[in-house]
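Asks: Handing over query-v4.cif, mmCIF, C-alpha atoms and all ligand atoms.
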```
data_input
#
loop_
_atom_site.group_PDB
_atom_site.id
_atom_site.type_symbol
_atom_site.label_atom_id
_atom_site.label_comp_id
_atom_site.auth_asym_id
_atom_site.auth_seq_id
_atom_site.Cartn_x
_atom_site.Cartn_y
_atom_site.Cartn_z
ATOM 1 C CA THR A 190 -8.286 -46.610 -44.607
ATOM 2 C CA ALA A 191 -9.884 -44.524 -47.320
ATOM 3 C CA VAL A 192 -11.264 -41.181 -46.279
ATOM 4 C CA ALA A 193 -14.093 -39.533 -48.156
ATOM 5 C CA ALA A 194 -15.451 -36.041 -48.038
ATOM 6 C CA SER A 195 -18.832 -35.736 -46.393
ATOM 7 C CA MET A 196 -21.810 -35.788 -48.745
ATOM 8 C CA ALA A 197 -24.159 -35.666 -45.796
ATOM 9 C CA VAL A 198 -27.403 -33.882 -46.370
ATOM 10 C CA GLY A 199 -30.562 -33.889 -44.327
ATOM 11 C CA VAL A 200 -28.525 -32.931 -41.272
ATOM 12 C CA SER A 201 -30.874 -32.183 -38.415
ATOM 13 C CA ALA A 202 -31.296 -28.735 -37.032
ATOM 14 C CA GLU A 203 -29.442 -28.169 -33.789
ATOM 15 C CA GLY A 204 -31.193 -29.731 -30.829
ATOM 16 C CA ASP A 205 -33.262 -32.139 -32.912
ATOM 17 C CA LEU A 206 -32.804 -35.858 -32.635
ATOM 18 C CA ILE A 207 -30.939 -37.357 -35.593
ATOM 19 C CA THR A 208 -33.111 -40.016 -37.203
ATOM 20 C CA ILE A 209 -31.488 -43.318 -38.126
ATOM 21 C CA GLY A 210 -33.206 -46.108 -40.019
ATOM 22 C CA TYR A 211 -31.470 -49.429 -39.428
ATOM 23 C CA ALA A 212 -32.518 -52.266 -41.742
ATOM 24 C CA GLN A 213 -31.406 -55.161 -39.555
ATOM 25 C CA VAL A 214 -31.010 -58.686 -40.974
ATOM 26 C CA GLY A 215 -33.308 -60.372 -38.459
ATOM 27 C CA HIS A 216 -32.983 -62.230 -35.171
ATOM 28 C CA GLU A 217 -31.439 -65.464 -36.455
ATOM 29 C CA SER A 218 -28.576 -65.714 -33.967
ATOM 30 C CA ASP A 219 -27.196 -64.621 -30.594
ATOM 31 C CA TRP A 220 -24.715 -62.522 -32.580
ATOM 32 C CA ARG A 221 -27.603 -60.674 -34.208
ATOM 33 C CA THR A 222 -29.369 -60.111 -30.859
ATOM 34 C CA ALA A 223 -26.152 -58.607 -29.483
ATOM 35 C CA ASN A 224 -25.788 -56.388 -32.562
ATOM 36 C CA THR A 225 -29.395 -55.125 -32.230
ATOM 37 C CA LYS A 226 -28.926 -54.356 -28.530
ATOM 38 C CA ASN A 227 -25.680 -52.554 -29.317
ATOM 39 C CA TYR A 228 -27.490 -50.251 -31.803
ATOM 40 C CA GLU A 229 -30.329 -49.625 -29.334
ATOM 41 C CA ASP A 230 -27.840 -48.697 -26.604
ATOM 42 C CA VAL A 231 -25.676 -46.450 -28.754
ATOM 43 C CA PHE A 232 -28.345 -44.723 -30.867
ATOM 44 C CA SER A 233 -30.428 -43.700 -27.843
ATOM 45 C CA GLU A 234 -32.394 -40.480 -27.376
ATOM 46 C CA GLU A 235 -29.956 -39.646 -24.589
ATOM 47 C CA ASN A 236 -27.214 -39.652 -27.203
ATOM 48 C CA GLY A 237 -29.284 -37.472 -29.543
ATOM 49 C CA TYR A 238 -30.722 -40.130 -31.861
ATOM 50 C CA GLU A 239 -34.079 -41.568 -32.802
ATOM 51 C CA LEU A 240 -33.509 -45.101 -34.013
ATOM 52 C CA SER A 241 -36.019 -46.981 -36.185
ATOM 53 C CA LEU A 242 -34.727 -50.522 -36.286
ATOM 54 C CA ILE A 243 -36.591 -52.875 -38.583
ATOM 55 C CA ASP A 244 -36.065 -56.612 -38.041
ATOM 56 C CA CYS A 245 -36.231 -57.889 -41.631
ATOM 57 C CA ASP A 246 -36.570 -61.531 -40.580
ATOM 58 C CA ASN A 247 -33.881 -62.676 -43.018
ATOM 59 C CA ASP A 248 -36.217 -61.768 -45.877
ATOM 60 C CA ASN A 249 -34.548 -59.881 -48.709
ATOM 61 C CA ALA A 250 -37.788 -58.369 -50.084
ATOM 62 C CA LYS A 251 -38.723 -57.153 -46.610
ATOM 63 C CA GLN A 252 -35.325 -55.518 -46.256
ATOM 64 C CA LEU A 253 -35.640 -53.638 -49.557
ATOM 65 C CA GLU A 254 -39.093 -52.482 -48.450
ATOM 66 C CA ALA A 255 -37.697 -51.324 -45.090
ATOM 67 C CA VAL A 256 -35.054 -49.221 -46.835
ATOM 68 C CA ARG A 257 -37.666 -47.735 -49.180
ATOM 69 C CA ASN A 258 -39.829 -46.820 -46.173
ATOM 70 C CA PHE A 259 -36.829 -45.109 -44.562
ATOM 71 C CA ILE A 260 -36.374 -43.092 -47.765
ATOM 72 C CA THR A 261 -40.062 -42.116 -47.820
ATOM 73 C CA GLN A 262 -39.883 -41.116 -44.154
ATOM 74 C CA GLY A 263 -36.877 -38.918 -44.926
ATOM 75 C CA MET A 264 -34.528 -40.447 -42.358
ATOM 76 C CA ASP A 265 -31.345 -38.454 -41.751
ATOM 77 C CA TYR A 266 -29.240 -41.612 -42.218
ATOM 78 C CA ILE A 267 -29.919 -45.165 -43.344
ATOM 79 C CA VAL A 268 -27.859 -48.064 -42.049
ATOM 80 C CA ILE A 269 -28.195 -51.421 -43.796
ATOM 81 C CA ALA A 270 -26.920 -54.797 -42.575
ATOM 82 C CA PRO A 271 -27.475 -56.560 -45.904
ATOM 83 C CA ILE A 272 -29.099 -60.000 -45.818
ATOM 84 C CA GLN A 273 -27.956 -60.688 -49.376
ATOM 85 C CA SER A 274 -24.849 -59.260 -50.959
ATOM 86 C CA ALA A 275 -26.481 -58.880 -54.403
ATOM 87 C CA GLY A 276 -29.276 -56.694 -55.723
ATOM 88 C CA TRP A 277 -28.713 -53.341 -54.058
ATOM 89 C CA ASP A 278 -28.122 -50.923 -56.946
ATOM 90 C CA THR A 279 -31.689 -49.722 -57.510
ATOM 91 C CA VAL A 280 -32.581 -48.966 -53.916
ATOM 92 C CA LEU A 281 -29.205 -47.355 -53.244
ATOM 93 C CA GLN A 282 -29.788 -45.109 -56.232
ATOM 94 C CA GLU A 283 -33.167 -44.166 -54.751
ATOM 95 C CA ALA A 284 -31.500 -43.236 -51.446
ATOM 96 C CA GLN A 285 -28.896 -41.218 -53.299
ATOM 97 C CA ASP A 286 -31.586 -39.412 -55.314
ATOM 98 C CA ALA A 287 -33.310 -38.549 -52.023
ATOM 99 C CA GLY A 288 -29.988 -37.251 -50.649
ATOM 100 C CA ILE A 289 -29.932 -39.647 -47.693
ATOM 101 C CA PRO A 290 -26.505 -40.942 -46.658
ATOM 102 C CA VAL A 291 -26.285 -44.734 -46.469
ATOM 103 C CA ILE A 292 -23.906 -46.731 -44.305
ATOM 104 C CA ILE A 293 -23.507 -50.432 -45.071
ATOM 105 C CA ALA A 294 -22.767 -52.277 -41.846
ATOM 106 C CA ASP A 295 -21.755 -55.779 -40.729
ATOM 107 C CA ARG A 296 -21.784 -57.489 -44.167
ATOM 108 C CA GLU A 297 -20.659 -56.513 -47.646
ATOM 109 C CA ILE A 298 -22.590 -55.839 -50.853
ATOM 110 C CA GLU A 299 -21.820 -56.312 -54.526
ATOM 111 C CA ALA A 300 -22.168 -52.664 -55.517
ATOM 112 C CA ASP A 301 -19.750 -49.973 -56.511
ATOM 113 C CA ALA A 302 -18.508 -48.031 -53.468
ATOM 114 C CA SER A 303 -19.873 -44.844 -55.060
ATOM 115 C CA MET A 304 -23.403 -46.208 -54.432
ATOM 116 C CA TYR A 305 -23.137 -45.722 -50.656
ATOM 117 C CA ASP A 306 -21.323 -43.402 -48.290
ATOM 118 C CA ALA A 307 -19.499 -45.631 -45.819
ATOM 119 C CA TRP A 308 -18.967 -49.231 -44.784
ATOM 120 C CA VAL A 309 -18.321 -50.632 -41.292
ATOM 121 C CA GLY A 310 -17.932 -54.369 -40.816
ATOM 122 C CA THR A 311 -15.845 -57.477 -40.383
ATOM 123 C CA ALA A 312 -13.794 -59.619 -42.786
ATOM 124 C CA PRO A 313 -15.431 -63.052 -43.179
ATOM 125 C CA TYR A 314 -12.907 -64.156 -45.818
ATOM 126 C CA ASP A 315 -10.086 -63.614 -43.322
ATOM 127 C CA GLU A 316 -12.117 -65.474 -40.692
ATOM 128 C CA GLY A 317 -12.354 -68.448 -43.057
ATOM 129 C CA VAL A 318 -8.625 -68.327 -43.717
ATOM 130 C CA THR A 319 -7.958 -68.261 -39.961
ATOM 131 C CA ALA A 320 -10.141 -71.343 -39.468
ATOM 132 C CA GLY A 321 -8.301 -73.136 -42.271
ATOM 133 C CA ASN A 322 -4.846 -72.174 -41.058
ATOM 134 C CA TRP A 323 -5.663 -73.273 -37.545
ATOM 135 C CA LEU A 324 -6.950 -76.637 -38.789
ATOM 136 C CA ALA A 325 -3.834 -77.191 -40.911
ATOM 137 C CA GLU A 326 -1.613 -76.376 -37.951
ATOM 138 C CA GLN A 327 -3.497 -78.752 -35.663
ATOM 139 C CA LEU A 328 -3.749 -81.636 -38.136
ATOM 140 C CA ASP A 329 -0.136 -81.261 -39.176
ATOM 141 C CA GLY A 330 -0.526 -83.331 -42.347
ATOM 142 C CA ALA A 331 -3.179 -85.743 -41.063
ATOM 143 C CA GLU A 332 -6.281 -86.500 -43.152
ATOM 144 C CA ALA A 333 -9.426 -84.421 -42.803
ATOM 145 C CA LYS A 334 -12.923 -85.430 -43.870
ATOM 146 C CA ILE A 335 -14.839 -82.227 -43.506
ATOM 147 C CA LEU A 336 -18.519 -81.350 -43.218
ATOM 148 C CA GLN A 337 -19.404 -77.678 -43.397
ATOM 149 C CA ILE A 338 -22.615 -75.999 -42.282
ATOM 150 C CA GLU A 339 -22.759 -72.696 -44.117
ATOM 151 C CA GLY A 340 -24.582 -69.519 -43.125
ATOM 152 C CA SER A 341 -27.462 -68.016 -45.096
ATOM 153 C CA VAL A 342 -27.221 -68.430 -48.870
ATOM 154 C CA GLY A 343 -26.103 -65.220 -50.564
ATOM 155 C CA ALA A 344 -24.906 -63.541 -47.344
ATOM 156 C CA SER A 345 -21.391 -62.153 -47.534
ATOM 157 C CA ALA A 346 -20.651 -63.569 -44.059
ATOM 158 C CA ALA A 347 -21.281 -67.060 -45.459
ATOM 159 C CA ILE A 348 -19.664 -66.490 -48.851
ATOM 160 C CA GLY A 349 -16.501 -65.031 -47.285
ATOM 161 C CA ARG A 350 -16.076 -67.780 -44.686
ATOM 162 C CA THR A 351 -16.646 -70.455 -47.321
ATOM 163 C CA ASP A 352 -14.163 -68.887 -49.745
ATOM 164 C CA GLY A 353 -11.499 -68.176 -47.116
ATOM 165 C CA PHE A 354 -11.652 -71.717 -45.771
ATOM 166 C CA ALA A 355 -11.642 -73.126 -49.328
ATOM 167 C CA GLU A 356 -8.499 -71.153 -50.081
ATOM 168 C CA VAL A 357 -6.613 -73.039 -47.352
ATOM 169 C CA MET A 358 -8.344 -76.311 -48.209
ATOM 170 C CA ALA A 359 -6.974 -76.048 -51.766
ATOM 171 C CA GLU A 360 -3.453 -76.298 -50.345
ATOM 172 C CA HIS A 361 -4.232 -79.626 -48.642
ATOM 173 C CA SER A 362 -4.744 -82.639 -50.864
ATOM 174 C CA GLU A 363 -5.132 -84.717 -47.691
ATOM 175 C CA TRP A 364 -8.369 -82.824 -46.899
ATOM 176 C CA GLU A 365 -11.726 -83.666 -48.422
ATOM 177 C CA LEU A 366 -14.886 -81.597 -48.155
ATOM 178 C CA LEU A 367 -17.548 -84.293 -47.946
ATOM 179 C CA ASP A 368 -20.460 -81.857 -48.003
ATOM 180 C CA SER A 369 -21.377 -78.232 -47.402
ATOM 181 C CA GLN A 370 -24.982 -77.093 -46.835
ATOM 182 C CA SER A 371 -26.662 -73.970 -45.506
ATOM 183 C CA GLY A 372 -27.987 -73.978 -41.938
ATOM 184 C CA ASP A 373 -29.211 -70.385 -42.391
ATOM 185 C CA PHE A 374 -27.190 -69.136 -39.381
ATOM 186 C CA THR A 375 -29.784 -70.651 -36.995
ATOM 187 C CA GLN A 376 -29.632 -73.322 -34.315
ATOM 188 C CA ASP A 377 -32.552 -75.253 -35.849
ATOM 189 C CA GLY A 378 -30.908 -75.032 -39.267
ATOM 190 C CA GLY A 379 -27.584 -76.284 -37.890
ATOM 191 C CA GLN A 380 -29.288 -79.191 -36.176
ATOM 192 C CA ALA A 381 -31.319 -80.194 -39.250
ATOM 193 C CA VAL A 382 -28.275 -80.103 -41.549
ATOM 194 C CA MET A 383 -26.151 -82.057 -39.056
ATOM 195 C CA GLU A 384 -28.875 -84.701 -38.658
ATOM 196 C CA SER A 385 -28.975 -85.185 -42.388
ATOM 197 C CA PHE A 386 -25.142 -85.236 -42.605
ATOM 198 C CA ILE A 387 -25.056 -87.923 -39.916
ATOM 199 C CA LYS A 388 -27.511 -90.068 -41.900
ATOM 200 C CA THR A 389 -25.270 -89.893 -44.965
ATOM 201 C CA TYR A 390 -21.749 -89.703 -43.542
ATOM 202 C CA GLU A 391 -21.801 -91.334 -40.095
ATOM 203 C CA GLY A 392 -18.368 -92.751 -39.302
ATOM 204 C CA GLN A 393 -16.767 -90.978 -42.288
ATOM 205 C CA PHE A 394 -16.024 -87.464 -40.973
ATOM 206 C CA ASN A 395 -13.621 -86.009 -38.438
ATOM 207 C CA VAL A 396 -14.117 -82.241 -38.847
ATOM 208 C CA VAL A 397 -17.317 -80.172 -38.634
ATOM 209 C CA VAL A 398 -17.192 -76.482 -39.510
ATOM 210 C CA CYS A 399 -20.229 -74.405 -38.509
ATOM 211 C CA GLN A 400 -20.355 -70.855 -39.817
ATOM 212 C CA ASN A 401 -21.806 -69.441 -36.607
ATOM 213 C CA ASP A 402 -22.222 -70.391 -32.957
ATOM 214 C CA ASN A 403 -25.953 -71.076 -33.136
ATOM 215 C CA GLU A 404 -25.444 -73.579 -35.940
ATOM 216 C CA ALA A 405 -22.736 -75.190 -33.795
ATOM 217 C CA TYR A 406 -25.194 -75.615 -30.883
ATOM 218 C CA GLY A 407 -27.621 -77.347 -33.237
ATOM 219 C CA ALA A 408 -24.842 -79.538 -34.639
ATOM 220 C CA MET A 409 -23.769 -80.458 -31.094
ATOM 221 C CA ASP A 410 -27.344 -81.516 -30.241
ATOM 222 C CA ALA A 411 -27.456 -83.686 -33.364
ATOM 223 C CA MET A 412 -24.084 -85.283 -32.597
ATOM 224 C CA ASP A 413 -25.050 -85.819 -28.944
ATOM 225 C CA ALA A 414 -28.219 -87.608 -30.056
ATOM 226 C CA ALA A 415 -26.182 -89.840 -32.387
ATOM 227 C CA GLY A 416 -23.518 -90.592 -29.743
ATOM 228 C CA ILE A 417 -20.781 -88.835 -31.749
ATOM 229 C CA THR A 418 -18.076 -87.224 -29.624
ATOM 230 C CA TYR A 419 -16.594 -83.856 -30.553
ATOM 231 C CA GLY A 420 -14.283 -81.227 -29.126
ATOM 232 C CA VAL A 421 -11.026 -81.854 -27.296
ATOM 233 C CA GLY A 422 -10.468 -85.618 -27.064
ATOM 234 C CA GLY A 423 -13.528 -86.335 -29.250
ATOM 235 C CA ASP A 424 -13.772 -88.046 -32.629
ATOM 236 C CA VAL A 425 -14.705 -84.803 -34.378
ATOM 237 C CA ILE A 426 -12.936 -81.430 -34.399
ATOM 238 C CA LEU A 427 -15.630 -78.748 -34.096
ATOM 239 C CA ILE A 428 -14.958 -75.290 -35.527
ATOM 240 C CA SER A 429 -17.349 -72.385 -35.103
ATOM 241 C CA TYR A 430 -17.515 -68.679 -35.894
ATOM 242 C CA ASP A 431 -18.765 -65.649 -33.892
ATOM 243 C CA ALA A 432 -17.159 -66.239 -30.464
ATOM 244 C CA THR A 433 -20.219 -65.031 -28.573
ATOM 245 C CA HIS A 434 -20.287 -65.582 -24.805
ATOM 246 C CA ASP A 435 -21.931 -69.004 -25.014
ATOM 247 C CA GLY A 436 -19.705 -70.056 -27.895
ATOM 248 C CA LEU A 437 -16.655 -69.168 -25.838
ATOM 249 C CA GLN A 438 -18.111 -71.002 -22.825
ATOM 250 C CA TYR A 439 -18.275 -74.158 -24.987
ATOM 251 C CA THR A 440 -14.742 -73.431 -26.176
ATOM 252 C CA LEU A 441 -13.518 -73.069 -22.596
ATOM 253 C CA ASP A 442 -15.292 -76.354 -21.810
ATOM 254 C CA GLY A 443 -13.456 -78.023 -24.696
ATOM 255 C CA LYS A 444 -16.639 -78.769 -26.684
ATOM 256 C CA ILE A 445 -15.772 -76.348 -29.478
ATOM 257 C CA ASN A 446 -12.113 -76.672 -30.561
ATOM 258 C CA LEU A 447 -11.886 -73.301 -32.313
ATOM 259 C CA ASP A 448 -14.230 -70.298 -32.322
ATOM 260 C CA VAL A 449 -13.306 -67.560 -34.805
ATOM 261 C CA GLU A 450 -14.564 -64.193 -33.674
ATOM 262 C CA CYS A 451 -16.916 -61.913 -35.571
ATOM 263 C CA ASN A 452 -17.522 -58.845 -33.449
ATOM 264 C CA PRO A 453 -21.152 -57.606 -33.315
ATOM 265 C CA ILE A 454 -20.253 -54.436 -31.380
ATOM 266 C CA GLN A 455 -20.204 -52.018 -34.300
ATOM 267 C CA ALA A 456 -22.695 -49.236 -33.475
ATOM 268 C CA GLU A 457 -20.183 -46.952 -31.756
ATOM 269 C CA THR A 458 -18.051 -47.035 -34.906
ATOM 270 C CA VAL A 459 -21.081 -46.275 -37.097
ATOM 271 C CA LYS A 460 -21.952 -43.407 -34.740
ATOM 272 C CA GLY A 461 -18.414 -42.065 -35.100
ATOM 273 C CA VAL A 462 -18.818 -41.960 -38.888
ATOM 274 C CA ILE A 463 -22.194 -40.223 -38.567
ATOM 275 C CA GLU A 464 -20.731 -37.651 -36.187
ATOM 276 C CA GLN A 465 -18.018 -36.871 -38.717
ATOM 277 C CA MET A 466 -20.682 -36.519 -41.427
ATOM 278 C CA GLU A 467 -22.777 -34.276 -39.172
ATOM 279 C CA ALA A 468 -19.782 -32.051 -38.561
ATOM 280 C CA GLY A 469 -19.169 -31.877 -42.311
ATOM 281 C CA GLU A 470 -15.718 -33.361 -41.759
ATOM 282 C CA ASP A 471 -13.887 -35.972 -43.789
ATOM 283 C CA PHE A 472 -15.060 -39.363 -42.582
ATOM 284 C CA GLU A 473 -13.833 -42.938 -42.688
ATOM 285 C CA ALA A 474 -15.337 -44.482 -45.816
ATOM 286 C CA THR A 475 -14.268 -47.994 -44.767
ATOM 287 C CA THR A 476 -13.797 -49.253 -41.219
ATOM 288 C CA LEU A 477 -12.846 -52.834 -40.545
ATOM 289 C CA ILE A 478 -13.794 -54.204 -37.131
ATOM 290 C CA THR A 479 -10.981 -56.599 -36.313
ATOM 291 C CA ASP A 480 -11.524 -60.166 -35.107
ATOM 292 C CA GLU A 481 -9.593 -62.676 -33.011
ATOM 293 C CA ALA A 482 -9.867 -66.442 -32.718
ATOM 294 C CA PHE A 483 -10.035 -68.601 -29.598
ATOM 295 C CA CYS A 484 -9.228 -72.254 -29.072
ATOM 296 C CA ALA A 485 -9.944 -74.679 -26.252
ATOM 297 C CA PRO A 486 -7.630 -75.077 -23.248
ATOM 298 C CA GLY A 487 -4.811 -77.497 -23.921
ATOM 299 C CA ILE A 488 -4.460 -76.291 -27.533
ATOM 300 C CA GLU A 489 -1.560 -74.037 -28.447
ATOM 301 C CA SER A 490 -1.831 -72.138 -31.709
ATOM 302 C CA GLU A 491 -0.164 -69.475 -33.745
ATOM 303 C CA PHE A 492 -3.606 -68.521 -35.080
ATOM 304 C CA ALA A 493 -5.762 -68.441 -31.942
ATOM 305 C CA THR A 494 -5.676 -67.426 -28.294
ATOM 306 C CA THR A 495 -6.169 -70.253 -25.820
ATOM 307 C CA MET A 496 -9.382 -69.694 -23.840
ATOM 308 C CA THR A 497 -9.304 -68.750 -20.176
ATOM 309 C CA GLU A 498 -11.922 -67.871 -17.521
ATOM 310 C CA GLU A 499 -10.729 -64.244 -17.723
ATOM 311 C CA ILE A 500 -11.443 -64.003 -21.456
ATOM 312 C CA LEU A 501 -14.914 -65.421 -20.896
ATOM 313 C CA ALA A 502 -15.581 -63.034 -18.004
ATOM 314 C CA GLY A 503 -14.745 -60.120 -20.283
ATOM 315 C CA ARG A 504 -17.157 -61.196 -23.007
ATOM 316 C CA ALA A 505 -20.422 -59.299 -22.545
ATOM 317 C CA TYR A 506 -22.349 -60.673 -25.540
HETATM 318 O O1 LIG B 601 -23.102 -61.182 -40.524
HETATM 319 C C1 LIG B 601 -22.675 -61.736 -39.336
HETATM 320 C C2 LIG B 601 -23.242 -63.097 -39.162
HETATM 321 O O2 LIG B 601 -24.644 -63.010 -39.159
HETATM 322 C C3 LIG B 601 -22.888 -63.807 -37.876
HETATM 323 O O3 LIG B 601 -21.829 -64.675 -37.992
HETATM 324 C C4 LIG B 601 -24.097 -64.627 -37.662
HETATM 325 O O4 LIG B 601 -24.193 -65.184 -36.396
HETATM 326 C C5 LIG B 601 -25.156 -63.677 -38.023
HETATM 327 O O5 LIG B 601 -26.360 -64.197 -38.142
#
```
Go through the file and emit its structure as structure tokens.
Ligand code: AHR
Replies:
Amino acid sequence: TAVAASMAVGVSAEGDLITIGYAQVGHESDWRTANTKNYEDVFSEENGYELSLIDCDNDNAKQLEAVRNFITQGMDYIVIAPIQSAGWDTVLQEAQDAGIPVIIADREIEADASMYDAWVGTAPYDEGVTAGNWLAEQLDGAEAKILQIEGSVGASAAIGRTDGFAEVMAEHSEWELLDSQSGDFTQDGGQAVMESFIKTYEGQFNVVVCQNDNEAYGAMDAMDAAGITYGVGGDVILISYDATHDGLQYTLDGKINLDVECNPIQAETVKGVIEQMEAGEDFEATTLITDEAFCAPGIESEFATTMTEEILAGRAY
């Protein structure tokens, strides 16, 4: 991992709370709720922090405004979970001009690494590759007619999962992607897209890939209503991402075949970087939060751990 020298300025005087502005994506998913709670727990007054968390409601303009307000308020640190990967240069320059360290968290941005101080997040491209590899292993040469419900348009979590899965798909001429539409990482979005897919492709598909658990719940409701069976022993293989508690419960129940993890518990790592900056030490410029994948009981895989009650019991979010 790259290590950078601290450029931290605005370090609080001893005894003062360190102010953190967190421009959060929104509240679109259970994953996001868990991530917000994690920041609130870790960046507590007890731990020496004053956290201003702005829920940007999945609205890019609102997120840019939130960051600009943090700059005006002179926050000690700004953390951004970027809704969109593009369009960050101007506001990052403004933060740099104000001397406020910026940590990009959760997702990635299309900006030169010199425009921010550190990055902490997951690897959606690898998650997509894992999903693809698992599917190839399970199908073992059989045909796949695939429907994909993507995350929010322009979000690196969606772009990465789409690209990683496509990379494996390109190696399989026996697979066909029938359609791929955004469900905006929400349950309602997943349900609406699945309902429209069913209208167009009923009887023609055998794989549904949802880019997060909430979309998968919506897709399950739509398939239930249409009498389409999915999961272990069903007509449709259902793949999801996130591996939140409820997603893993469905996986344990055999309703979701594969759930590829994306870990929302990232605040402690961000805090570690900030502590290094505060101490004027070298700090981790890039920290990857690693992910696993879980498949339903009865499925053996080189690419995923088979779900058990114990794994579920250990999943707090
Ligand atoms: O950026 C992480 C993604 O954003 C999660 O997969 C999704 O649930 C969330 O909304």
Asks: For segment 224-226 of chain A, list every protein, DNA or RNA residue within 7 Å, evaluated using all atoms listed in the file, and leave out those in the same chain fewer than 4 positions away; present the list as a VMD selection string.
Replies: chain A and resid 220 230 453 to 454
Asks: Listing only residues of segment 371-458 of chain A within 8 Å of segment 492-502 of chain A, what is the closest atom pair and its distance in Å (to one decimal) for each, using all atoms listed in the file, sorted by chain and residue number ascending, as JSON lines?
Replies:
```
{"residue": "A:His434", "atom": "CA", "partner": "A:Leu501", "partner_atom": "CA", "distance": 6.6}
{"residue": "A:Leu437", "atom": "CA", "partner": "A:Leu501", "partner_atom": "CA", "distance": 6.4}
{"residue": "A:Gln438", "atom": "CA", "partner": "A:Leu501", "partner_atom": "CA", "distance": 6.7}
{"residue": "A:Thr440", "atom": "CA", "partner": "A:Met496", "partner_atom": "CA", "distance": 6.9}
{"residue": "A:Leu441", "atom": "CA", "partner": "A:Met496", "partner_atom": "CA", "distance": 5.5}
{"residue": "A:Leu447", "atom": "CA", "partner": "A:Ala493", "partner_atom": "CA", "distance": 7.8}
```
Asks: Apply the PyMOL selection byres (((not hetatm)) within 6 of (chain B and resi 601)) to the file shown and report the selected residues as a ChimeraX atom specification.
Replies: /A:217-218,220-221,295-296,346,374,401,431
Asks: Mind listing as JSON, numbers by chain all residues within 7 Å of (-32.8, -83.8, -35.1), counting only C-alpha atoms?
Replies: {"A": [380, 381, 384, 411]}
Asks: Run the PyMOL selection byres (((chain A and resi 443) around 8) and not hetatm) mentally over the shown coordinates, then write out the matched residues as a ChimeraX atom specification, using the chain letters and numbers from the document.
Replies: /A:420-421,439-442,444-446,485-486
Asks: Would you compute the distance between atom CA of Gln400 of chain A and atom CA of Gly340 of chain A? Give it in Å to one decimal.
Replies: 5.5 Å
Asks: Select, from A:Met383, A:Ala294, A:Leu206, A:Val268, the residue with the minimum atom-to-atom distance to Gly237 of chain A, counting only C-alpha atoms.
Replies: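 Going through A:Met383, A:Ala294, A:Leu206, A:Val268 one by one, the smallest distance to Gly237 of chain A is for A:Leu206.
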